[in-house]
Amino acid sequence: LTGSYMLARRDVTGYDYFDRTAGGFWRSFSAIILLAPMYMLFASAEHSISAELGANTTSALRDTPNYVGNMVGLALQWIGFPIVMVLVARVLQLSRHYAGFIIAYNWSSVLVMALLYCPIGLYQIGLLSAAGASLANFALLAPVLYYRWFIARTSLDITGLTATAIVGMDFVLSMLLLDIARIMIG
């Protein structure tokens, strides 16, 4: 997490805090243990915010948050992005940097979720309205995308345009996999 924090400050020496071995690659997936509880709190509050703001949801989603669908969506995202990214890395001849990127990406996910949870947490304790939390969360999207872009650009040693394409692919893939999971689970 120290490495992730340093990268958030644009300090590339943050990579030195990651175990960039094959074992470190596989262990980086354990970051989901820290991520999942925050993700579930986020999803639950997001459901409440959507309901309060009168978002167009199906009757099932209005009645109760889809915890199983959210967890399946998180699992699909956690597995899906690295699989798609290994193919992208091969096509772009970035395979030598792939493991380091995924390690930094996985650990940075904990910081991303903690940041995105801040306005949601303030909503849950009554310090922000649903509209305020939604707006604040939307405003945080830019620094989160920049953080992901910085990690892609520096860890994969690629151009800014290629990093933008990878971050865009990640964003679209995440939304798609979450929607698929929610539809599958019902």
# chains A, B, ... in the order shown; residues from 1 in each chain; ligands from 1

$ closest_atom_pairs --of "region 27-87 of chain A" --to "region 92-105 of chain A" --cutoff "12 Å" --atoms "only C-alpha atoms" --output "Markdown table"
| residue | atom | partner | partner_atom | distance |
| --- | --- | --- | --- | --- |
| A:Arg27 | CA | A:Ile103 | CA | 8.4 |
| A:Ser28 | CA | A:Ile103 | CA | 5.4 |
| A:Phe29 | CA | A:Ile103 | CA | 7.9 |
| A:Ser30 | CA | A:Ile103 | CA | 10.4 |
| A:Ala31 | CA | A:Ile103 | CA | 9.6 |
| A:Ile32 | CA | A:Tyr105 | CA | 11.6 |
| A:Trp78 | CA | A:Tyr105 | CA | 10.4 |
| A:Ile79 | CA | A:Ile102 | CA | 11.0 |
| A:Gly80 | CA | A:Ile102 | CA | 11.9 |
| A:Phe81 | CA | A:Ile102 | CA | 9.1 |
| A:Pro82 | CA | A:Ile102 | CA | 6.8 |
| A:Ile83 | CA | A:Ile102 | CA | 10.3 |
| A:Val84 | CA | A:Tyr98 | CA | 11.3 |
| A:Met85 | CA | A:Tyr98 | CA | 7.9 |
| A:Val86 | CA | A:Tyr98 | CA | 6.9 |
| A:Leu87 | CA | A:Leu92 | CA | 8.6 |

$ write_last_selection --atoms "C-alpha atoms" --output "compact mmCIF listing (two decimals), in the first residue's frame"
# COMPACT_ATOMS: atom_id res chain seq x y z
CA ARG A 27 0.00 -12.44 -4.04
CA SER A 28 -1.13 -9.08 -5.43
CA PHE A 29 -4.51 -10.67 -6.08
CA SER A 30 -4.91 -10.99 -2.31
CA ALA A 31 -5.52 -7.22 -2.27
CA ILE A 32 -9.15 -8.18 -2.93
CA TRP A 78 -10.66 -8.87 -10.69
CA ILE A 79 -10.07 -11.81 -13.04
CA GLY A 80 -11.25 -10.34 -16.34
CA PHE A 81 -9.01 -7.30 -16.58
CA PRO A 82 -5.74 -9.21 -16.09
CA ILE A 83 -6.85 -11.78 -18.68
CA VAL A 84 -7.74 -9.13 -21.25
CA MET A 85 -4.60 -7.20 -20.35
CA VAL A 86 -2.33 -10.21 -20.97
CA LEU A 87 -3.69 -10.31 -24.53

$ residues_around --residues "region 162-179 of chain A" --least-positions-apart "5" --cutoff "6 Å" --atoms "only C-alpha atoms" --output "PyMOL selection string"
chain A and resi 73+77+149+152-153

$ atom_distance --atom1 "CA of Asn137 (chain A)" --atom2 "CA of Ala51 (chain A)"
16.2 Å

$ closest_residue --among "A:Gly121, A:Gly23, A:Gly126, A:Gly160" --to "Tyr39 (chain A)" --atoms "only C-alpha atoms"
A:Gly121

$ atom_distance --atom1 "CA of Met113 (chain A)" --atom2 "CA of Leu35 (chain A)"
6.8 Å

$ closest_residue --among "A:Ser4, A:Thr21, A:Ser129, A:Thr154" --to "Glu52 (chain A)" --atoms "only C-alpha atoms"
A:Ser129

$ closest_residue --among "A:Leu41, A:Leu76, A:Leu161, A:Leu7" --to "Arg148 (chain A)" --atoms "only C-alpha atoms"
A:Leu7

$ select_by_dssp --residues "region 32-108 of chain A" --states "alpha helix (DSSP H)" --output "JSON, numbers by chain"
{"A": [32, 33, 34, 35, 36, 37, 38, 39, 40, 41, 42, 43, 44, 45, 46, 47, 48, 49, 50, 51, 52, 59, 60, 61, 62, 63, 67, 68, 69, 70, 71, 72, 73, 74, 75, 76, 77, 78, 79, 80, 81, 82, 83, 84, 85, 86, 87, 88, 89, 90, 91, 95, 96, 97, 98, 99, 100, 101, 102, 103, 104, 105, 106, 107, 108]}

$ residues_around --residues "Val144 (chain A)" --least-positions-apart "5" --cutoff "9 Å" --atoms "only C-alpha atoms" --output "ChimeraX atom specification"
/A:112,115-116,149

$ atom_distance --atom1 "CA of Ile151 (chain A)" --atom2 "CA of Ala8 (chain A)"
8.7 Å
